[in-house]
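In what follows, a structure is listed as structure tokens, so that the remarks can point back to it.
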Amino acid sequence: MKAHRTLLVRLPKDKCDVDYIKRLMALTNLAYRGFEVWVPDIPKTVQHQLYGFKNYMRSLVLGTVPKRWFVRAWIPSKILRVYQDGSRKGDKSAPVVLDLKNNVIKIRWVCKNEISIPMPDWVVNWIDERVREGGDVRFAMIGLKDDEPYLALIAERKVEPYEPSEYRLVVDVNSWKYGISWGLVRDGRIMSYKQERLNLGRYYGLYNELIRLGRKYGELKRSGLHKTTEGRRLWKRIRAMHARLYAITRDKAYFLASKLVRKALRYKALLVIDDMTEESRRELLEEKLPPGVIKLLMANTRKFVKQLTTLAKWYGVPYEFKRLPSTICPICQHELTQLPDRIMVCENCGFKAPRDKIPIHWALREHNYEFKQFQKVIYSPTSTTH
Ligand SMILES: [Zn+2]
């Protein structure tokens, strides 16, 4: 099985011809749809590279087929790697060259003129780690994100998922209001459990400040003063704060995904993901929270699931998605009643647990059930095994 990981590197806008990249992106879109259009004023080499990808475009990390005509698709490229000892790997005519000897990234043809940018340390470290793990940075993609040029480096590794032990790591993906909860389960017991939360006070504080500045900007705009120095400065501050706000959940999502995959690896556990993001959204809607706050509380939860599965694939951690109920009794399947502080109680059998822990109890029950089925097959007297 091939696993991929991607790293985004921003390219200097002044060195790239953005309109030229746009044209190449349009050409890539056509290529995805099976058309070969040879454009006379674009170098043949880059067009050859592009059409060379036709057969395996869909398998690349970012290579989803564009949904609409003329939507901009990122330009796939092979990579020529020059290693520290001077050895080379990859296609000599590849538009992207990773020079690990001099720590430079060279891009030919795609940004029109050849550009050469120093490789920052975090990029060098990322490449080193992927290579140490037995992977290689074989492909790249170049495209525009919010009109800024980016290079995506794609590492590839061949890996088979391991045979899981008796451990299971159950991850319950909720909104940030209640956090992402996980439980390590073995032999019908919860070995450890945690609800990973954000510092909500600080998070809401930043958000309220952002709203306040937004209102101020709105006032300036209404009186036509938003293009003044003050207005521009305020807009810049708003943009920066917005980025800071979303970075909080993004960093948390990446940190948690890495932590949980490492935990699964340590116990050779099967990773069970209960993606409750849609239910969480509905729950927040029922609480009648404003749309802005709901968006804030759901921010980067999708990214968390994406990163979790990307890392699981990369490290060979077997995983599955499973729906685990949180409002039904895991013992007798009676409907649970919610008490204050999100405590759930079963009026039929007396079972009681925090709401966010119920799915973990369900995972236990399912585990036991499967274990019993397994035993039945092995030890049943009618079994034909000798
Ligand atoms: Zn019950």
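Naming scheme: A, B, ... for chains in displayed order of the structure tokens; residues 1 onward per chain; ligands 1 onward as shown.
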task = Could you give me, as a ChimeraX atom specification, every polymer residue with an atom at most 8 Å away from an atom of ligand 1, counting only C-alpha atoms and all ligand atoms?
result = /A:328-336,345-351
Those selected residues, please, written with N, CA, C and O atoms and delivered as a PDB file, in the first residue's frame.
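To be explicit, this is the file written out as part-v1.pdb:
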ATOM      1  N   ILE A 328     -27.613   6.077  23.720  1.00  0.00           N
ATOM      2  CA  ILE A 328     -28.264   4.786  23.963  1.00  0.00           C
ATOM      3  C   ILE A 328     -27.409   3.992  24.943  1.00  0.00           C
ATOM      4  O   ILE A 328     -26.176   4.005  24.858  1.00  0.00           O
ATOM      5  N   CYS A 329     -28.066   3.302  25.863  1.00  0.00           N
ATOM      6  CA  CYS A 329     -27.352   2.559  26.905  1.00  0.00           C
ATOM      7  C   CYS A 329     -26.546   1.407  26.292  1.00  0.00           C
ATOM      8  O   CYS A 329     -27.103   0.567  25.589  1.00  0.00           O
ATOM      9  N   PRO A 330     -25.255   1.369  26.569  1.00  0.00           N
ATOM     10  CA  PRO A 330     -24.422   0.292  26.003  1.00  0.00           C
ATOM     11  C   PRO A 330     -24.678  -1.063  26.678  1.00  0.00           C
ATOM     12  O   PRO A 330     -24.243  -2.087  26.177  1.00  0.00           O
ATOM     13  N   ILE A 331     -25.394  -1.061  27.827  1.00  0.00           N
ATOM     14  CA  ILE A 331     -25.661  -2.319  28.538  1.00  0.00           C
ATOM     15  C   ILE A 331     -26.983  -2.939  28.059  1.00  0.00           C
ATOM     16  O   ILE A 331     -27.026  -4.112  27.682  1.00  0.00           O
ATOM     17  N   CYS A 332     -28.057  -2.118  28.084  1.00  0.00           N
ATOM     18  CA  CYS A 332     -29.375  -2.681  27.777  1.00  0.00           C
ATOM     19  C   CYS A 332     -30.032  -2.028  26.555  1.00  0.00           C
ATOM     20  O   CYS A 332     -31.168  -2.357  26.211  1.00  0.00           O
ATOM     21  N   GLN A 333     -29.344  -1.091  25.948  1.00  0.00           N
ATOM     22  CA  GLN A 333     -29.818  -0.413  24.740  1.00  0.00           C
ATOM     23  C   GLN A 333     -31.077   0.425  24.928  1.00  0.00           C
ATOM     24  O   GLN A 333     -31.788   0.736  23.982  1.00  0.00           O
ATOM     25  N   HIS A 334     -31.352   0.766  26.175  1.00  0.00           N
ATOM     26  CA  HIS A 334     -32.446   1.666  26.500  1.00  0.00           C
ATOM     27  C   HIS A 334     -31.997   3.096  26.173  1.00  0.00           C
ATOM     28  O   HIS A 334     -30.804   3.398  26.222  1.00  0.00           O
ATOM     29  N   GLU A 335     -32.932   3.990  25.872  1.00  0.00           N
ATOM     30  CA  GLU A 335     -32.590   5.396  25.623  1.00  0.00           C
ATOM     31  C   GLU A 335     -32.035   6.025  26.910  1.00  0.00           C
ATOM     32  O   GLU A 335     -32.591   5.805  27.981  1.00  0.00           O
ATOM     33  N   LEU A 336     -30.961   6.769  26.823  1.00  0.00           N
ATOM     34  CA  LEU A 336     -30.378   7.385  28.016  1.00  0.00           C
ATOM     35  C   LEU A 336     -30.985   8.756  28.283  1.00  0.00           C
ATOM     36  O   LEU A 336     -31.434   9.430  27.366  1.00  0.00           O
ATOM     37  N   VAL A 345     -27.684   8.879  32.079  1.00  0.00           N
ATOM     38  CA  VAL A 345     -28.088   7.817  32.990  1.00  0.00           C
ATOM     39  C   VAL A 345     -29.148   6.946  32.322  1.00  0.00           C
ATOM     40  O   VAL A 345     -29.963   7.427  31.523  1.00  0.00           O
ATOM     41  N   CYS A 346     -29.106   5.636  32.609  1.00  0.00           N
ATOM     42  CA  CYS A 346     -30.093   4.717  32.056  1.00  0.00           C
ATOM     43  C   CYS A 346     -31.133   4.427  33.135  1.00  0.00           C
ATOM     44  O   CYS A 346     -30.790   3.936  34.212  1.00  0.00           O
ATOM     45  N   GLU A 347     -32.383   4.749  32.834  1.00  0.00           N
ATOM     46  CA  GLU A 347     -33.439   4.534  33.821  1.00  0.00           C
ATOM     47  C   GLU A 347     -33.864   3.078  33.879  1.00  0.00           C
ATOM     48  O   GLU A 347     -34.613   2.675  34.760  1.00  0.00           O
ATOM     49  N   ASN A 348     -33.385   2.314  32.962  1.00  0.00           N
ATOM     50  CA  ASN A 348     -33.749   0.894  32.941  1.00  0.00           C
ATOM     51  C   ASN A 348     -32.796   0.040  33.777  1.00  0.00           C
ATOM     52  O   ASN A 348     -33.224  -0.758  34.600  1.00  0.00           O
ATOM     53  N   CYS A 349     -31.474   0.250  33.579  1.00  0.00           N
ATOM     54  CA  CYS A 349     -30.523  -0.635  34.268  1.00  0.00           C
ATOM     55  C   CYS A 349     -29.604   0.118  35.220  1.00  0.00           C
ATOM     56  O   CYS A 349     -28.792  -0.491  35.908  1.00  0.00           O
ATOM     57  N   GLY A 350     -29.700   1.445  35.258  1.00  0.00           N
ATOM     58  CA  GLY A 350     -28.898   2.198  36.219  1.00  0.00           C
ATOM     59  C   GLY A 350     -27.517   2.592  35.733  1.00  0.00           C
ATOM     60  O   GLY A 350     -26.752   3.219  36.455  1.00  0.00           O
ATOM     61  N   PHE A 351     -27.171   2.248  34.490  1.00  0.00           N
ATOM     62  CA  PHE A 351     -25.865   2.631  33.941  1.00  0.00           C
ATOM     63  C   PHE A 351     -25.724   4.157  33.926  1.00  0.00           C
ATOM     64  O   PHE A 351     -26.679   4.863  33.616  1.00  0.00           O
TER      65      PHE A 351
END
request  = Excluding Trp362 in chain A and any residue of its chain fewer than 4 positions from it, enumerate the residues within 12 Å of it, using only C-alpha atoms, and give them as an MDAnalysis selection string.
outcome  = chainID A and resid 170 172 183 185 188:190 272 274 322:333 353 355:358 366:369
Saved selection, atoms kept: N, CA and C atoms, as a compact mmCIF listing (two decimals), in the first residue's frame:
# COMPACT_ATOMS: atom_id res chain seq x y z
N VAL A 170 -9.98 4.20 20.66
CA VAL A 170 -11.24 4.73 20.14
C VAL A 170 -11.20 6.26 20.21
N ASP A 172 -13.19 9.81 19.44
CA ASP A 172 -14.49 10.38 19.23
C ASP A 172 -14.33 11.84 18.83
N GLY A 183 -10.24 6.88 24.10
CA GLY A 183 -10.11 5.86 25.14
C GLY A 183 -9.29 4.69 24.61
N VAL A 185 -8.68 0.88 24.98
CA VAL A 185 -9.53 -0.20 25.46
C VAL A 185 -8.82 -1.53 25.28
N GLY A 188 -12.13 -5.64 27.41
CA GLY A 188 -13.35 -5.16 28.04
C GLY A 188 -13.12 -4.11 29.13
N ARG A 189 -11.92 -3.54 29.16
CA ARG A 189 -11.65 -2.50 30.16
C ARG A 189 -11.13 -1.24 29.50
N ILE A 190 -11.49 -0.10 30.10
CA ILE A 190 -10.94 1.17 29.60
C ILE A 190 -9.62 1.39 30.34
N VAL A 272 -9.99 3.16 16.09
CA VAL A 272 -11.42 3.22 15.74
C VAL A 272 -11.84 4.69 15.80
N ASP A 274 -14.67 7.51 15.49
CA ASP A 274 -16.09 7.82 15.46
C ASP A 274 -16.21 9.29 15.07
N LYS A 322 -16.28 3.97 12.66
CA LYS A 322 -17.39 3.25 13.24
C LYS A 322 -18.31 4.24 13.93
N ARG A 323 -19.61 4.07 13.73
CA ARG A 323 -20.55 4.93 14.44
C ARG A 323 -20.84 4.31 15.79
N LEU A 324 -20.57 5.07 16.83
CA LEU A 324 -20.81 4.59 18.18
C LEU A 324 -21.82 5.53 18.85
N PRO A 325 -22.94 5.00 19.35
CA PRO A 325 -23.98 5.87 19.89
C PRO A 325 -23.54 6.56 21.19
N SER A 326 -24.13 7.72 21.46
CA SER A 326 -23.81 8.39 22.72
C SER A 326 -25.08 8.66 23.52
N THR A 327 -26.25 8.26 23.00
CA THR A 327 -27.48 8.51 23.75
C THR A 327 -28.25 7.21 24.01
N ILE A 328 -27.61 6.08 23.72
CA ILE A 328 -28.26 4.79 23.96
C ILE A 328 -27.41 3.99 24.94
N CYS A 329 -28.07 3.30 25.86
CA CYS A 329 -27.35 2.56 26.90
C CYS A 329 -26.55 1.41 26.29
N PRO A 330 -25.26 1.37 26.57
CA PRO A 330 -24.42 0.29 26.00
C PRO A 330 -24.68 -1.06 26.68
N ILE A 331 -25.39 -1.06 27.83
CA ILE A 331 -25.66 -2.32 28.54
C ILE A 331 -26.98 -2.94 28.06
N CYS A 332 -28.06 -2.12 28.08
CA CYS A 332 -29.38 -2.68 27.78
C CYS A 332 -30.03 -2.03 26.55
N GLN A 333 -29.34 -1.09 25.95
CA GLN A 333 -29.82 -0.41 24.74
C GLN A 333 -31.08 0.43 24.93
N ALA A 353 -22.76 7.39 33.04
CA ALA A 353 -21.42 7.79 32.57
C ALA A 353 -21.50 9.17 31.91
N ARG A 355 -21.41 11.83 29.06
CA ARG A 355 -21.88 11.67 27.68
C ARG A 355 -20.75 11.34 26.71
N ASP A 356 -19.61 12.04 26.86
CA ASP A 356 -18.54 11.86 25.89
C ASP A 356 -17.79 10.54 26.07
N LYS A 357 -18.12 9.81 27.15
CA LYS A 357 -17.46 8.53 27.38
C LYS A 357 -18.32 7.36 26.88
N ILE A 358 -19.60 7.64 26.59
CA ILE A 358 -20.53 6.57 26.17
C ILE A 358 -20.01 5.81 24.93
N GLU A 366 -18.76 -3.79 21.91
CA GLU A 366 -18.58 -4.39 20.59
C GLU A 366 -17.36 -5.30 20.59
N HIS A 367 -16.35 -4.85 21.29
CA HIS A 367 -15.12 -5.63 21.38
C HIS A 367 -15.44 -6.98 22.05
N ASN A 368 -16.17 -6.92 23.17
CA ASN A 368 -16.53 -8.14 23.89
C ASN A 368 -17.34 -9.07 23.02
N TYR A 369 -18.28 -8.47 22.32
CA TYR A 369 -19.16 -9.26 21.46
C TYR A 369 -18.35 -10.02 20.42
With 12 Å as the cut-off and only C-alpha atoms counted, what is the closest atom pair between each nearby residue of range 151-219 of chain A and range 99-111 of chain A? Distances in Å to one decimal, ordered by chain and number, as JSON lines.
{"residue": "A:Leu151", "atom": "CA", "partner": "A:Ile107", "partner_atom": "CA", "distance": 9.5}
{"residue": "A:Ala152", "atom": "CA", "partner": "A:Ile105", "partner_atom": "CA", "distance": 11.9}
{"residue": "A:Leu153", "atom": "CA", "partner": "A:Ile105", "partner_atom": "CA", "distance": 10.7}
Convert the current residue selection to file output with C-alpha atoms, as an mmCIF file, in the first residue's frame.
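Below is the file part10.cif, written as the result:
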data_model
loop_
_atom_site.group_PDB
_atom_site.id
_atom_site.type_symbol
_atom_site.label_atom_id
_atom_site.label_comp_id
_atom_site.auth_asym_id
_atom_site.auth_seq_id
_atom_site.Cartn_x
_atom_site.Cartn_y
_atom_site.Cartn_z
ATOM 1 C CA LEU A 151 4.558 24.306 -3.793
ATOM 2 C CA ALA A 152 3.241 21.086 -2.274
ATOM 3 C CA LEU A 153 5.884 18.445 -1.632
#
ask   = Among range 183-281 of chain A, which residues carry a DSSP assignment of helix (DSSP H, G or I), reported as number ranges by chain?
value = A: 200-222, 229-267, 277-281
request  = Mind the document's chain letters and residue numbers, and return as a ChimeraX atom specification the residues of range 177-367 of chain A that DSSP labels strand (DSSP E or B).
outcome  = /A:180-186,189-196,270-275,319-321,328,335,337-339,343-345,352-354
request  = Just the residues within 8 Å of Thr301 in chain A, please, counting only C-alpha atoms, with nothing from its chain fewer than 4 positions along; format it as an MDAnalysis selection string.
outcome  = chainID A and resid 173:175 253 277 305
So that I have them on file, write out the residues from the current selection with N, CA, C and O atoms, as a PDB file, in the first residue's frame.
ATOM      1  N   VAL A 173     -14.678  12.161  17.601  1.00  0.00           N
ATOM      2  CA  VAL A 173     -14.435  13.521  17.109  1.00  0.00           C
ATOM      3  C   VAL A 173     -15.655  14.407  17.354  1.00  0.00           C
ATOM      4  O   VAL A 173     -16.697  14.233  16.734  1.00  0.00           O
ATOM      5  N   ASN A 174     -15.515  15.322  18.280  1.00  0.00           N
ATOM      6  CA  ASN A 174     -16.583  16.255  18.628  1.00  0.00           C
ATOM      7  C   ASN A 174     -16.205  17.682  18.280  1.00  0.00           C
ATOM      8  O   ASN A 174     -15.079  17.940  17.890  1.00  0.00           O
ATOM      9  N   SER A 175     -17.124  18.599  18.517  1.00  0.00           N
ATOM     10  CA  SER A 175     -16.781  20.013  18.359  1.00  0.00           C
ATOM     11  C   SER A 175     -15.820  20.392  19.489  1.00  0.00           C
ATOM     12  O   SER A 175     -15.673  19.671  20.465  1.00  0.00           O
ATOM     13  N   ALA A 253      -5.318  20.376  16.316  1.00  0.00           N
ATOM     14  CA  ALA A 253      -5.715  19.230  15.497  1.00  0.00           C
ATOM     15  C   ALA A 253      -4.480  18.438  15.058  1.00  0.00           C
ATOM     16  O   ALA A 253      -4.441  17.214  15.189  1.00  0.00           O
ATOM     17  N   THR A 277     -18.742  14.673  13.722  1.00  0.00           N
ATOM     18  CA  THR A 277     -18.758  16.122  13.465  1.00  0.00           C
ATOM     19  C   THR A 277     -20.138  16.631  13.047  1.00  0.00           C
ATOM     20  O   THR A 277     -20.546  17.700  13.459  1.00  0.00           O
ATOM     21  N   VAL A 305      -9.560  14.889  11.338  1.00  0.00           N
ATOM     22  CA  VAL A 305      -9.854  13.535  10.849  1.00  0.00           C
ATOM     23  C   VAL A 305      -8.955  13.210   9.658  1.00  0.00           C
ATOM     24  O   VAL A 305      -8.392  12.117   9.557  1.00  0.00           O
TER      25      VAL A 305
END
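Picture a line from CA of Asp147 in chain A to CA of Glu36 in chain A; it runs 25.8 Å.
Minimum distance to Tyr267 in chain A across A:Ser87, A:Ser165, A:Thr28, A:Gln47 (counting only C-alpha atoms) occurs at A:Ser165.
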request  = Considering only C-alpha atoms, return as JSON, numbers by chain whatever protein or nucleic-acid residues lie within 9 Å of range 7-18 of chain A, sequence-local ones (same chain, fewer than 3 positions apart) excluded.
outcome  = {"A": [21, 22, 23, 110, 111, 112, 113, 114, 115, 117, 123, 126, 144, 147, 148, 149, 150, 151, 152, 153, 154, 155]}
Now that the selection is made, can you save its residues with C-alpha atoms as an mmCIF file, in the first residue's frame?
data_model
loop_
_atom_site.group_PDB
_atom_site.id
_atom_site.type_symbol
_atom_site.label_atom_id
_atom_site.label_comp_id
_atom_site.auth_asym_id
_atom_site.auth_seq_id
_atom_site.Cartn_x
_atom_site.Cartn_y
_atom_site.Cartn_z
ATOM 1 C CA ILE A 21 0.633 29.475 -13.369
ATOM 2 C CA LYS A 22 -3.084 30.121 -13.928
ATOM 3 C CA ARG A 23 -2.762 29.055 -17.556
ATOM 4 C CA VAL A 110 6.241 26.213 -14.111
ATOM 5 C CA CYS A 111 6.689 29.705 -12.704
ATOM 6 C CA LYS A 112 7.838 30.786 -16.192
ATOM 7 C CA ASN A 113 11.378 31.757 -15.309
ATOM 8 C CA GLU A 114 13.560 29.416 -13.320
ATOM 9 C CA ILE A 115 13.399 30.232 -9.657
ATOM 10 C CA ILE A 117 14.665 29.511 -3.270
ATOM 11 C CA VAL A 123 11.370 21.871 5.143
ATOM 12 C CA TRP A 126 10.457 17.328 7.190
ATOM 13 C CA LEU A 144 -2.470 29.006 -6.215
ATOM 14 C CA ASP A 147 -3.912 33.912 -5.275
ATOM 15 C CA GLU A 148 -0.601 33.091 -3.604
ATOM 16 C CA PRO A 149 1.702 30.586 -5.315
ATOM 17 C CA TYR A 150 2.482 27.404 -3.351
ATOM 18 C CA LEU A 151 4.558 24.306 -3.793
ATOM 19 C CA ALA A 152 3.241 21.086 -2.274
ATOM 20 C CA LEU A 153 5.884 18.445 -1.632
ATOM 21 C CA ILE A 154 4.480 14.929 -1.620
ATOM 22 C CA ALA A 155 6.296 12.133 0.164
#
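The space separating CA of Asp146 in chain A from CA of Thr228 in chain A comes to 24.0 Å.
Among the candidates A:Arg202, A:Arg233, A:Arg302, A:Lys216, the one nearest to Ile180 in chain A when counting only C-alpha atoms is A:Arg302.
For the set A:Gln307, A:Thr45, A:Ser181, A:Thr249, the residue with the smallest atom-to-atom gap to Pro359 in chain A is A:Ser181, counting only C-alpha atoms.
Using only C-alpha atoms, the shortest contact distance between Glu160 in chain A and any of A:Ala243, A:Ile127, A:Met298, A:Ala312 is found at A:Ala312.
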key: Best match for closeness to Ser280 in chain A among A:Ala240, A:Ile294, A:Leu234, A:Val37, counting only C-alpha atoms   = A:Ile294
request  = Go through A:Lys44, A:Arg72, A:Arg262, A:Arg168 and flag the residue nearest Pro95 in chain A, using only C-alpha atoms for the distances.
outcome  = A:Lys44
